[in-house]
Every structure is written in structure tokens, then in C-alpha cells.
Amino acid sequence: MSVTDSTTMSELVARAKAITERELAIYTERTKGSQVATERARKVLPAGVPSSFQAYDPHPIVVKHASGSRMIDVDDNEYVDYDMGFGALFAGHMHPAVRKAVEEQLDEGTLYVTPCELDAEVAELLGDRYGFPMWRPTNSGTEATMDAIRLARGVTKREKLVKVEGGYHGHHDEVMVSNKPALADAGPADAPFSVPQSAGITQGTIDDVIVIPYNDAPALERVLANRDVACFIVEPVMENIGICLPEPGYLEAVREICTKYGTLLIFDEVKTGITAGLGGATTVLGVRPDLITLAKSIGGGFPVGAFGGKAEYMELIATGEVLHLGTYNGNPLVMAATKATLTEACTADAIEAAIALNTRLVQACQKIIDDSGIPAHTVQFGAKGCITWSIDPVRNYRDYKATDFDLAFAQWMHGINRGILLPPGLDEQWLISVMHSEADAMRYADVFAEFVAELTA
């Protein structure tokens with residue numbers, strides 16, 4: 001079958017909706033324990049979850065065990081985990097090296113609130129991988145981006161910041177703007193409005209945030225021309241709308257424009273991190289920002305973040321002109337996990353093997369797409385991949401909004417009932433960890449083939 005016209009497309013969507021209806025009934029039947037646990041949680045947790053991202057229809061699975069590349073829910077259903085903690089578990093669920101390091105550190109204590117030698121050791125490791133001389137640890141990616149933005153304002157003595165439409169940089173107020181705006185509110189595609197993602201964000205904060213399209217260097221130059229912008233924070237590869245790659249020359253132009261107008265360039269590598277390669281997207285793509293933020297994959301499943309940059313900028317923290325604080329920053333338990341992740345679990349060879357395995361999975365999925373003619377395509381960046389339900393590549397948020405979410409949801413529901421655990425947002429990507437086997441990885445392609453066969457029958 002080949003999708004060549006709107007009639008065929010409408011037929012595909014109708015079949016997808018029928019698959020979804022059937023799979024929702026199956027899901028309800030096989031996850032009764034998760035339903036009971038969620039109803040209990042709703043009495044004490046808003047929406048029954050500790051983070052709003054974990055709430056999804058019809059109800060989330062509630063997990064009781066995870067190991068390696070797999071998870072088991074409270075109904076004893078087993079899943080191959082391709083979500084991997086929204087990309088945080090590149091080392092897999094409790095990699096033996098990470099577990100050993102944490103167990104050994106437990107004997108020495110978990111929190112000192114005074115420095116430990118591990119702090120410098122981890123900073124040295126990050127410096128070796130990313131090429132920046134100075135680092136500070138945080139407890140999450142949100143903290144890392146928040147602190148990097150504050151530092152950029154301290155350096156430049158400017159207040160405004162620029163971000164791209166559809167870009168996610170954590171949940172502090174300044175970056176909860178135009179993450180996933182409704183198109184009716186979003187304004188012109190070439191000059192989007194700044195739309196708050198949540199109530200509780202002040203108008204002054206919103207006014208300080210300028211939103212531009214991704215992959216549009218002229219738009220960046222227009223908004224920097226007044227020389228009043230402290231920083232441009234951007235994922236070098238957007239991973240909040242599937243995987244959206246920079247067009248050739250885009251990041252190089254961004255670097256040049258930021259330098260021209262005295263605006264600091266912050267690469268948010270919380271999601272790309274070491275899943276992109278040994279030195280992250282910064283090294284793989286060959287463009288150097290002024291500051292960089294990390295989290296997720298560097299911690300082996302423990303809550304950690306970090307930001308680093310050029311010494312002349314980080315010096316403002318040393319002098320006290322810009323404050324960076326946190327009781328749990330650099331705590332020895334998490335630093336032990338991070339060191340083990342960087343030196344033993346996610347080595348250069350392990351990263352290379354995981355990326356090669358992901359390449360085989362992406363190629364298998366693309367062959368299924370090519371043979372069936374369905375309106376989809378694959379995207380890969382490092383150990384991450386995704387299937388995007390559109391024929392043309394996604395260049396920015398507006399392109400992403402034109403993809404077919406009925407088909408995406410049907411695929412997600414079909415997969416989860418067959419032990420394929422993907423992120424629930426339909427806008428995330430899978431991750432092949434260093435603990436996924438060949439069979440684990442290719443299981444995704446097998447189930448995807450089953451779905452496409454039914455969809456196109």
C-alpha cells in the first residue's frame with residue numbers, strides 16, 4: 001500500500017482510530033492494578049502522579065521493578081523500556097558499575113554539605129568530554145538551565161532571553177514560555193508570540209522572553225539586533241518535538257550571530273548529553289557555545305545536572321557576583337553514580353556500540369516505512385531515534401504540529417500492550433541504552449511491523 005492522496009490518508013486515520021479503541025480496552029483490562037494504584041494516589045497527589053509529565057490517558061502504568069532494559073508493572077506485565085527515564089538512563093536501569101559505586105559510597109555517607117573529592121573528579125571528567133574548563137553541579141536539568149541563564153545575565157548585564165518555539169528547558173518560569181502553544185495563540189510563524197505554558201508566570205517574565213522559530217538564523221539576528229538580549233538558549237538538536245535536526249549551517253550561523261551582538265549562546269544538552277556521543281552534540285556537531293547545561297544521561301539514573309562554560313564567565317561565580325547555591329549540589333552519593341556512569345558504564349566503546357545498535361533499529365523501521373508507503377519517517381541522533389508521522393522532515397514546531405497524532409497515538413497504544421514502553425507524550429524519542437541487547441532493540445521494529453501491517457491491510 002502507498003499513501004498517495006487524502007482519501008487514502010483518511011482511511012489510514014480511520015483504521016488507526018479503530019486500533020486505538022480496541023487497544024484502549026485491552027490496556028484497561030491488563031493494567032487493573034495500575035488503575036487501583038493510580039486511584040489511591042489521586043487522593044493525595046494531584047492527578048495521582050509526582051510530576052505532571054507522568055499523567056497520561058487512560059492512566060499511567062505503575063511500576064514495581066526495573067533492571068537493565070526492562071520494567072515490570074504492578075500487574076506483572078513486562079516491558080522493554082525505550083523511554084529510559086526520558087533519556088536519563090543511558091546506563092540502563094541500575095548498571096552494575098553504578099550500583100557498586102553507590103553501594104560503596106553509602107558506607108561513607110550520602111550528604112556532607114561541604115566539598116568531597118568526587119566533585120572535582122566529576123568536573124574534570126566533564127571538562128575532558130566537553131572541552132570547558134569550569135563546572136558546577138546541580139540536582140536537575142531545570143536547575144542547570146536556570147543557573148546558566150542567571151549567569152548569562154550577570155555576564156552581559158542584560159535581562160532578555162531568546163528561546164525557540166517548541167523548545168523545552170525545564171520548569172522554571174523563564175523557560176515555561178511557548179513550549180507547546182496552541183497555534184491559535186502562537187502568532188505568526190516567523191515571529192511567534194510568547195505564550196506562557198502555565199498559570200502563575202508573571203507578565204514581566206513573559207515580556208523578557210523572545211520566541212523565534214528553530215532553524216531560522218535571520219529570525220535570531222532580528223531579535224538580537226537591539227543588543228539587549230543576555231542569552232539564546234537552545235537545544236542544538238531539538239528533542240521536545242520528536243527529534244528535530246539543525247539544518248546545515250544553522251548552528252554555525254547562530255554562533256556567529258550571538259558573537260556579533262554580544263549575546264551568550266547556551267546549548268541545552270540535558271536531553272542530548274552523552275547519548276549523542278562521547279562529547280555530546282557540542283562535539284558531534286562541532287559548534288561551541290559559551291555555556292552548556294547537562295543532566296539526565298550523565299547520572300546513571302540519579303538526580304544530577306551540571307552547567308559549564310568558559311572560565312571568564314564562570315569566574316563570576318567564583319567572585320560571588322553571581323550566586324550559585326544548593327544543599328544537595330555535588331552530594332557524594334550522586335557524584336559517585338555520575339563518576340561510575342562516565343568512566344565505567346558509558347565508556348567510548350559502550351556509547352559507540354549503543355549508537356550502532358540504534359542505527360540498525362532505525363534502519364529496520366525505515367525499511368518498514370519504505371515498503372509500506374505510510375506517511376512517516378525515522379530520525380536518528382546518536383543513541384536516540386523516533387518515528388515521526390509525516391512524509392517531510394520536521395524543521396520546527398509548526399512542522400511538528402502538522403504531523404498526525406491519531407496515527408502516533410494508535411502506534412503507542414498498540415506497542416504498550418505488546419511490551420513496548422515508549423514515552424507517552426507522542427513527541428519524545430526512544431533511547432537505546434548500553435544495556436539493551438540486539439533482541440531488546442529489534443523487538444521495537446518487530447512490533448512496529450505488526451502495527452503497520454494491520455494499519456495498511
# chains A, B, ... in the order shown; residues from 1 in each chain; ligands from 1
call {"tool": "select_by_dssp", "arguments": {"residues": "segment 142-271 of chain A", "states": "helix (DSSP H, G or I)", "output": "PyMOL selection string"}}
result
chain A and resi 142-156+173-175+183-186+203-207+217-224+250-261
call {"tool": "write_last_selection", "arguments": {"atoms": "C-alpha atoms", "output": "PDB file, in the first residue's frame"}}
result
ATOM      1  CA  THR A 142      15.878  22.546  35.295  1.00  0.00           C
ATOM      2  CA  GLU A 143      18.381  23.857  37.830  1.00  0.00           C
ATOM      3  CA  ALA A 144      21.180  23.748  35.266  1.00  0.00           C
ATOM      4  CA  THR A 145      19.330  25.889  32.719  1.00  0.00           C
ATOM      5  CA  MET A 146      18.068  28.260  35.430  1.00  0.00           C
ATOM      6  CA  ASP A 147      21.592  28.831  36.741  1.00  0.00           C
ATOM      7  CA  ALA A 148      23.108  29.185  33.267  1.00  0.00           C
ATOM      8  CA  ILE A 149      20.567  31.864  32.360  1.00  0.00           C
ATOM      9  CA  ARG A 150      21.266  33.752  35.593  1.00  0.00           C
ATOM     10  CA  LEU A 151      24.984  33.599  34.872  1.00  0.00           C
ATOM     11  CA  ALA A 152      24.464  34.894  31.325  1.00  0.00           C
ATOM     12  CA  ARG A 153      22.513  37.844  32.694  1.00  0.00           C
ATOM     13  CA  GLY A 154      25.256  38.514  35.202  1.00  0.00           C
ATOM     14  CA  VAL A 155      27.906  38.467  32.488  1.00  0.00           C
ATOM     15  CA  THR A 156      26.065  40.648  29.977  1.00  0.00           C
ATOM     16  CA  ASP A 173       9.231  30.351  34.918  1.00  0.00           C
ATOM     17  CA  GLU A 174      11.608  31.933  32.430  1.00  0.00           C
ATOM     18  CA  VAL A 175      11.637  28.925  30.109  1.00  0.00           C
ATOM     19  CA  LEU A 183      -1.464  27.552  17.194  1.00  0.00           C
ATOM     20  CA  ALA A 184      -4.459  29.821  17.729  1.00  0.00           C
ATOM     21  CA  ASP A 185      -2.425  31.654  20.373  1.00  0.00           C
ATOM     22  CA  ALA A 186       1.044  31.329  18.882  1.00  0.00           C
ATOM     23  CA  GLN A 203       3.709  39.180  32.736  1.00  0.00           C
ATOM     24  CA  GLY A 204       7.112  40.720  33.363  1.00  0.00           C
ATOM     25  CA  THR A 205       8.740  37.312  32.984  1.00  0.00           C
ATOM     26  CA  ILE A 206       6.833  36.656  29.765  1.00  0.00           C
ATOM     27  CA  ASP A 207       7.837  40.043  28.382  1.00  0.00           C
ATOM     28  CA  ALA A 217      19.001  32.249  11.638  1.00  0.00           C
ATOM     29  CA  PRO A 218      17.601  35.526  10.184  1.00  0.00           C
ATOM     30  CA  ALA A 219      14.905  35.483  12.881  1.00  0.00           C
ATOM     31  CA  LEU A 220      17.623  35.251  15.539  1.00  0.00           C
ATOM     32  CA  GLU A 221      19.531  38.150  14.055  1.00  0.00           C
ATOM     33  CA  ARG A 222      16.405  40.318  14.004  1.00  0.00           C
ATOM     34  CA  VAL A 223      15.742  39.863  17.710  1.00  0.00           C
ATOM     35  CA  LEU A 224      19.379  40.294  18.757  1.00  0.00           C
ATOM     36  CA  TYR A 250      22.215  26.784  11.102  1.00  0.00           C
ATOM     37  CA  LEU A 251      24.194  26.335  14.309  1.00  0.00           C
ATOM     38  CA  GLU A 252      27.293  27.882  12.737  1.00  0.00           C
ATOM     39  CA  ALA A 253      25.192  30.948  11.852  1.00  0.00           C
ATOM     40  CA  VAL A 254      23.736  31.019  15.363  1.00  0.00           C
ATOM     41  CA  ARG A 255      27.253  31.039  16.827  1.00  0.00           C
ATOM     42  CA  GLU A 256      28.321  33.906  14.566  1.00  0.00           C
ATOM     43  CA  ILE A 257      25.198  35.997  15.249  1.00  0.00           C
ATOM     44  CA  CYS A 258      25.424  35.618  19.025  1.00  0.00           C
ATOM     45  CA  THR A 259      29.064  36.686  18.967  1.00  0.00           C
ATOM     46  CA  LYS A 260      28.231  39.658  16.753  1.00  0.00           C
ATOM     47  CA  TYR A 261      25.668  41.072  19.174  1.00  0.00           C
TER      48      TYR A 261
END
call {"tool": "closest_atom_pairs", "arguments": {"of": "segment 213-315 of chain A", "to": "segment 90-103 of chain A", "cutoff": "12 Å", "atoms": "only C-alpha atoms", "output": "Markdown table"}}
result
| residue | atom | partner | partner_atom | distance |
| --- | --- | --- | --- | --- |
| A:Lys271 | CA | A:Phe90 | CA | 10.7 |
| A:Thr272 | CA | A:Phe90 | CA | 10.7 |
| A:Gly273 | CA | A:Phe90 | CA | 9.7 |
| A:Ile274 | CA | A:Phe90 | CA | 8.1 |
| A:Thr275 | CA | A:Phe90 | CA | 6.7 |
| A:Ala276 | CA | A:Phe90 | CA | 10.5 |
| A:Gly277 | CA | A:Phe90 | CA | 11.2 |
| A:Ala295 | CA | A:Phe90 | CA | 11.4 |
| A:Lys296 | CA | A:Phe90 | CA | 8.4 |
| A:Ser297 | CA | A:Phe90 | CA | 5.3 |
| A:Ile298 | CA | A:Phe90 | CA | 8.0 |
| A:Gly299 | CA | A:Ala91 | CA | 8.4 |
| A:Gly300 | CA | A:Ala91 | CA | 5.3 |
| A:Gly301 | CA | A:His93 | CA | 7.1 |
| A:Phe302 | CA | A:Val98 | CA | 9.6 |
call {"tool": "write_last_selection", "arguments": {"atoms": "C-alpha atoms", "output": "mmCIF file, in the first residue's frame"}}
result
data_model
loop_
_atom_site.group_PDB
_atom_site.id
_atom_site.type_symbol
_atom_site.label_atom_id
_atom_site.label_comp_id
_atom_site.auth_asym_id
_atom_site.auth_seq_id
_atom_site.Cartn_x
_atom_site.Cartn_y
_atom_site.Cartn_z
ATOM 1 C CA LYS A 271 18.493 15.605 26.546
ATOM 2 C CA THR A 272 21.253 15.067 24.006
ATOM 3 C CA GLY A 273 24.047 14.733 26.573
ATOM 4 C CA ILE A 274 26.269 11.695 26.235
ATOM 5 C CA THR A 275 23.568 9.858 24.254
ATOM 6 C CA ALA A 276 24.721 11.924 21.267
ATOM 7 C CA GLY A 277 28.301 10.729 21.581
ATOM 8 C CA ALA A 295 21.661 16.355 33.271
ATOM 9 C CA LYS A 296 19.788 13.084 32.656
ATOM 10 C CA SER A 297 22.209 10.690 30.924
ATOM 11 C CA ILE A 298 25.321 11.708 32.875
ATOM 12 C CA GLY A 299 23.880 10.461 36.191
ATOM 13 C CA GLY A 300 23.090 6.793 35.615
ATOM 14 C CA GLY A 301 19.541 7.209 36.941
ATOM 15 C CA PHE A 302 20.363 9.527 39.843
#
call {"tool": "closest_residue", "arguments": {"among": "A:Gly85, A:Pro137, A:Pro213, A:Pro196", "to": "Arg398 of chain A", "atoms": "only C-alpha atoms"}}
result
A:Pro213
call {"tool": "select_by_dssp", "arguments": {"residues": "segment 88-228 of chain A", "states": "strand (DSSP E or B)", "output": "list in words"}}
result
His93, Met134, Trp135, Arg136, Pro137, Thr138, Lys160, Leu161, Val162, Lys163, Val164, Val177, Pro196, Val209, Ile210, Val211 and Ile212 of chain A
call {"tool": "residues_around", "arguments": {"residues": "Tyr112 of chain A", "least_positions_apart": "3", "cutoff": "8 Å", "atoms": "only C-alpha atoms", "output": "list in words"}}
result
Gly109, Pro115, Cys116, Asn331 and Pro332 of chain A
call {"tool": "atom_distance", "arguments": {"atom1": "atom CA of Glu29 of chain A", "atom2": "atom CA of Asp83 of chain A"}}
result
22.7 Å
call {"tool": "closest_atom_pairs", "arguments": {"of": "segment 201-316 of chain A", "to": "segment 418-440 of chain A", "cutoff": "9 Å", "atoms": "only C-alpha atoms", "output": "JSON lines"}}
result
{"residue": "A:Glu239", "atom": "CA", "partner": "A:Glu428", "partner_atom": "CA", "distance": 6.6}
{"residue": "A:Asn240", "atom": "CA", "partner": "A:Glu428", "partner_atom": "CA", "distance": 6.0}
{"residue": "A:Ile241", "atom": "CA", "partner": "A:Asp427", "partner_atom": "CA", "distance": 4.7}
{"residue": "A:Gly242", "atom": "CA", "partner": "A:Asp427", "partner_atom": "CA", "distance": 4.6}
{"residue": "A:Ile243", "atom": "CA", "partner": "A:Gln429", "partner_atom": "CA", "distance": 6.8}
{"residue": "A:Thr275", "atom": "CA", "partner": "A:Leu431", "partner_atom": "CA", "distance": 8.1}
call {"tool": "residues_around", "arguments": {"residues": "Lys32 of chain A", "least_positions_apart": "6", "cutoff": "10 Å", "atoms": "only C-alpha atoms", "output": "ChimeraX atom specification"}}
result
/A:38,61,74-75
call {"tool": "residues_around", "arguments": {"residues": "Thr388 of chain A", "least_positions_apart": "6", "cutoff": "8 Å", "atoms": "only C-alpha atoms", "output": "list in words"}}
result
Gly242, Ala376, His377, Thr378, Val379, Thr403 and Ala408 of chain A
call {"tool": "residues_around", "arguments": {"residues": "Tyr27 of chain A", "least_positions_apart": "4", "cutoff": "10 Å", "atoms": "only C-alpha atoms", "output": "list of chain:residue names"}}
result
A:Arg22, A:Glu23, A:Thr31, A:Lys32, A:Pro58, A:His59, A:Ile61, A:Met413, A:His414, A:Ile416, A:Asn417, A:Arg418
call {"tool": "write_last_selection", "arguments": {"atoms": "N, CA and C atoms", "output": "JSON list (two decimals), in the first residue's frame"}}
result
[["chain", "number", "residue", "atom", "x", "y", "z"],
["A", 22, "ARG", "N", -9.74, -0.42, 20.22],
["A", 22, "ARG", "CA", -9.55, -1.81, 20.65],
["A", 22, "ARG", "C", -8.43, -1.90, 21.69],
["A", 23, "GLU", "N", -7.33, -1.22, 21.43],
["A", 23, "GLU", "CA", -6.17, -1.32, 22.31],
["A", 23, "GLU", "C", -6.42, -0.65, 23.66],
["A", 31, "THR", "N", -4.18, -3.73, 32.94],
["A", 31, "THR", "CA", -3.49, -2.84, 33.89],
["A", 31, "THR", "C", -4.42, -2.46, 35.06],
["A", 32, "LYS", "N", -5.19, -3.43, 35.54],
["A", 32, "LYS", "CA", -6.13, -3.13, 36.62],
["A", 32, "LYS", "C", -5.40, -2.72, 37.90],
["A", 58, "PRO", "N", -5.08, 6.38, 29.16],
["A", 58, "PRO", "CA", -6.22, 6.50, 30.09],
["A", 58, "PRO", "C", -5.77, 6.53, 31.54],
["A", 59, "HIS", "N", -4.60, 6.00, 31.85],
["A", 59, "HIS", "CA", -3.97, 6.09, 33.17],
["A", 59, "HIS", "C", -2.54, 5.56, 33.00],
["A", 61, "ILE", "N", 0.91, 3.41, 33.68],
["A", 61, "ILE", "CA", 1.29, 2.16, 34.31],
["A", 61, "ILE", "C", 2.07, 2.50, 35.58],
["A", 413, "MET", "N", -0.36, 3.04, 21.66],
["A", 413, "MET", "CA", -1.26, 2.12, 22.38],
["A", 413, "MET", "C", -1.02, 0.68, 21.95],
["A", 414, "HIS", "N", -0.84, 0.46, 20.66],
["A", 414, "HIS", "CA", -0.57, -0.88, 20.14],
["A", 414, "HIS", "C", 0.73, -1.42, 20.75],
["A", 416, "ILE", "N", 2.39, -0.49, 23.63],
["A", 416, "ILE", "CA", 2.46, -0.70, 25.08],
["A", 416, "ILE", "C", 1.76, -1.99, 25.48],
["A", 417, "ASN", "N", 0.73, -2.39, 24.74],
["A", 417, "ASN", "CA", 0.06, -3.66, 25.04],
["A", 417, "ASN", "C", 0.87, -4.87, 24.61],
["A", 418, "ARG", "N", 1.96, -4.62, 23.91],
["A", 418, "ARG", "CA", 2.85, -5.70, 23.47],
["A", 418, "ARG", "C", 4.24, -5.55, 24.09]]
